[in-house]
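Engineer: Before I ask anything, here is the structure I am working with.
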Amino acid sequence: MAYTGDDKILLEGLRDGREKAYEELFMTYYVQLVVFAQKILGDEDMSREMVQDVFVMFFEKRDVLNIHTSLKSHLYQTVRNRCLNEIKRNQIRREHHSGIFVDKKNQEAYFEDKMQETELEARIFSVVESLPKQCKRIFEMSRFEGIPNQEIADKLKLSKRTVETQISKALKILRKHLKGYVDVILFIIFWMLK
């Protein structure tokens with residue numbers, strides 16, 4: 001995959017030691033990478049530490065960075081490799097070199113799924129954050145807090161029909177913004193049935 005224009009500019013800034021480029025890299029990818037690492041490691045603190053280490057390494061080796069994929073792919077791959085190394089170290093301690101890894105193809109599929117899942121979750125929350133205020137509140141109460149429509153209507157002093165209309169509006173917006181994600185159709189169907 002070729003660099004995007006933004007990747008080139010960001011990489012040049014990193015190589016030149018520009019603090020703004022490093023800040024932009026951190027702000028753009030830190031949260032996504034922590035969520036991704038946590039899905040692999042199952043430990044939030046360890047995931048944060050690991051991703052921070054990756055960013056420190058990026059800064060320290062900025063003048064010799066040699067990236068052949070997109071910057072985003074490179075970061076995910078680096079975090080993934082760090083996670084694998086951590087899992088391997090822990091398994092060696094516990095199991096004395098026996099049964100460290102499962103079949104490589106299964107591993108690749110697992111990490112690909114986790115990466116897509118992380119990106120989909122980030123996209124969903126981004127779209128939900130952009131919803132109009134009332135629509136967002138009703139959608140969050142319904143889908144994230146599990147509150148029934150009538151109870152939402154009572155709490156917000158609205159009709160049940162208004163609540164249903166706002167939830168339907170939010171789902172349409174989500175469908176529109178989440179085109180191209182493999183799991184979106186199942187996700188939307190699941191949320192519509194709630």
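Quick note on naming: the chains in the structure tokens go A, B, ... in the order shown, residues restart at 1 in each chain, and ligands are numbered from 1 in order of appearance.
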Counting only C-alpha atoms, what are the residues of region 28-71 of chain A within 9 Å of region 13-24 of chain A, and for each of them which pair of atoms is the nearest and at what distance in Å, to one decimal? Sort the table by chain and rising number, as a Markdown table.
Structural biologist:
| residue | atom | partner | partner_atom | distance |
| --- | --- | --- | --- | --- |
| A:Thr28 | CA | A:Glu24 | CA | 5.9 |
| A:Tyr29 | CA | A:Glu24 | CA | 8.5 |
| A:Phe55 | CA | A:Tyr22 | CA | 8.6 |
| A:Phe58 | CA | A:Leu14 | CA | 8.4 |
| A:Phe59 | CA | A:Leu14 | CA | 7.3 |
| A:Lys61 | CA | A:Arg15 | CA | 8.6 |
| A:Arg62 | CA | A:Arg15 | CA | 4.9 |
| A:Asp63 | CA | A:Arg15 | CA | 4.8 |
| A:Val64 | CA | A:Arg15 | CA | 7.7 |
| A:Leu65 | CA | A:Arg15 | CA | 7.5 |
Engineer: Could you write out that same residue set with N, CA and C atoms as a short mmCIF file (atom, residue, chain, number, x, y, z; two decimals), in the first residue's frame?
Structural biologist:
data_model
loop_
_atom_site.label_atom_id
_atom_site.label_comp_id
_atom_site.auth_asym_id
_atom_site.auth_seq_id
_atom_site.Cartn_x
_atom_site.Cartn_y
_atom_site.Cartn_z
N THR A 28 -3.65 10.96 16.75
CA THR A 28 -4.40 10.22 15.73
C THR A 28 -4.51 8.73 16.06
N TYR A 29 -3.45 8.13 16.58
CA TYR A 29 -3.42 6.68 16.69
C TYR A 29 -3.38 6.10 18.11
N PHE A 55 5.51 4.46 20.67
CA PHE A 55 5.66 5.87 20.31
C PHE A 55 7.04 6.41 20.69
N PHE A 58 9.41 5.11 18.16
CA PHE A 58 9.24 5.87 16.93
C PHE A 58 10.01 7.18 16.99
N PHE A 59 9.94 7.82 18.13
CA PHE A 59 10.63 9.11 18.29
C PHE A 59 12.15 8.91 18.29
N LYS A 61 13.90 6.51 17.00
CA LYS A 61 14.45 6.01 15.73
C LYS A 61 13.90 6.79 14.53
N ARG A 62 13.43 8.00 14.77
CA ARG A 62 12.76 8.77 13.72
C ARG A 62 13.64 9.01 12.50
N ASP A 63 14.95 9.15 12.71
CA ASP A 63 15.83 9.46 11.57
C ASP A 63 16.17 8.24 10.73
N VAL A 64 15.82 7.04 11.22
CA VAL A 64 16.11 5.83 10.44
C VAL A 64 14.83 5.05 10.12
N LEU A 65 13.68 5.71 10.26
CA LEU A 65 12.41 5.03 9.97
C LEU A 65 12.38 4.58 8.51
#
Engineer: As a PyMOL selection string, which residues of region 11-161 of chain A does DSSP assign to helix (DSSP H, G or I)?
Structural biologist: chain A and resi 11-15+19-41+44-60+62-64+71-95+104-129+133-144+149-156+160-161
Engineer: Excluding region 45-47 of chain A and residues on its chain fewer than 4 positions from it, collect all residues at most 10 Å away from it, counting only C-alpha atoms, and give them as a ChimeraX atom specification.
Structural biologist: /A:33-41,51-53,79,82-83,86
Engineer: Could you write out that same residue set with C-alpha atoms as a PDB file, in the first residue's frame?
Structural biologist:
ATOM      1  CA  LEU A  33      -3.727   1.247  19.246  1.00  0.00           C
ATOM      2  CA  VAL A  34      -4.394   0.881  22.984  1.00  0.00           C
ATOM      3  CA  VAL A  35      -7.822  -0.666  22.259  1.00  0.00           C
ATOM      4  CA  PHE A  36      -6.215  -2.961  19.675  1.00  0.00           C
ATOM      5  CA  ALA A  37      -3.461  -4.054  22.097  1.00  0.00           C
ATOM      6  CA  GLN A  38      -5.986  -4.587  24.883  1.00  0.00           C
ATOM      7  CA  LYS A  39      -8.004  -6.935  22.688  1.00  0.00           C
ATOM      8  CA  ILE A  40      -4.870  -9.049  22.288  1.00  0.00           C
ATOM      9  CA  LEU A  41      -3.422  -8.790  25.795  1.00  0.00           C
ATOM     10  CA  VAL A  51       1.710   1.585  22.928  1.00  0.00           C
ATOM     11  CA  GLN A  52       3.610   4.349  24.740  1.00  0.00           C
ATOM     12  CA  ASP A  53       6.810   2.328  24.260  1.00  0.00           C
ATOM     13  CA  VAL A  79       2.003  -3.006  18.288  1.00  0.00           C
ATOM     14  CA  ARG A  82       5.084  -6.235  20.644  1.00  0.00           C
ATOM     15  CA  CYS A  83       1.936  -7.935  21.925  1.00  0.00           C
ATOM     16  CA  GLU A  86       4.785 -10.157  25.428  1.00  0.00           C
TER      17      GLU A  86
END
Engineer: For region 166-173 of chain A, list every protein, DNA or RNA residue within 8 Å, evaluated using only C-alpha atoms, and leave out those in the same chain fewer than 4 positions away; present the list as a list of chain:residue names.
Structural biologist: A:Val127, A:Val128, A:Leu131, A:Gln134, A:Cys135, A:Lys136, A:Ile138, A:Phe139, A:Ser142, A:Thr162, A:His177, A:Ile188, A:Met192
Engineer: Tell me which of A:Gln32, A:Arg48, A:Arg123, A:Val163 sits closest to Glu140 (chain A), counting only C-alpha atoms.
Structural biologist: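 That would be A:Val163, the residue with the smallest distance to Glu140 (chain A).
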Engineer: Show me, as a PyMOL selection string, the residues that have an atom within 9 Å of region 144-152 of chain A when counting only C-alpha atoms, minus same-chain residues fewer than 6 positions from it.
Structural biologist: chain A and resi 138+158-161+163-164+194
Engineer: Could you write out that same residue set with C-alpha atoms as a PDB file, in the first residue's frame?
Structural biologist:
ATOM      1  CA  ILE A 138     -31.708   8.969  22.972  1.00  0.00           C
ATOM      2  CA  LEU A 158     -41.106  13.025  24.964  1.00  0.00           C
ATOM      3  CA  SER A 159     -43.543  10.759  23.154  1.00  0.00           C
ATOM      4  CA  LYS A 160     -42.504   7.157  22.585  1.00  0.00           C
ATOM      5  CA  ARG A 161     -42.923   7.795  18.834  1.00  0.00           C
ATOM      6  CA  VAL A 163     -37.895   8.320  20.722  1.00  0.00           C
ATOM      7  CA  GLU A 164     -38.413   5.630  18.060  1.00  0.00           C
ATOM      8  CA  LYS A 194     -32.869  -4.425  20.272  1.00  0.00           C
TER       9      LYS A 194
END
Engineer: One decimal, in Å: what's the spacing between CA of Ile124 (chain A) and CA of Ile67 (chain A)?
Structural biologist: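 Computed distance, CA of Ile124 (chain A) to CA of Ile67 (chain A), equals 29.0 Å.
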Engineer: So, with only C-alpha atoms as the atoms that count, which of A:Glu60, A:Tyr30, A:Glu44, A:Asp113 lies closest to Leu75 (chain A)?
Structural biologist: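 Going through A:Glu60, A:Tyr30, A:Glu44, A:Asp113 one by one, the smallest distance to Leu75 (chain A) is for A:Tyr30.
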Engineer: Compare A:Arg80, A:Lys8, A:Arg89, A:Arg137 by their minimum atom-to-atom distance to Lys114 (chain A), counting only C-alpha atoms, and give me the closest one.
Structural biologist: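 Using only C-alpha atoms, Lys114 (chain A) sits closest to A:Arg80.
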Engineer: Given only C-alpha atoms as the basis, pick out the residue of A:Phe26, A:Met57, A:Gly42, A:Tyr76 nearest to Glu112 (chain A).
Structural biologist: A:Tyr76
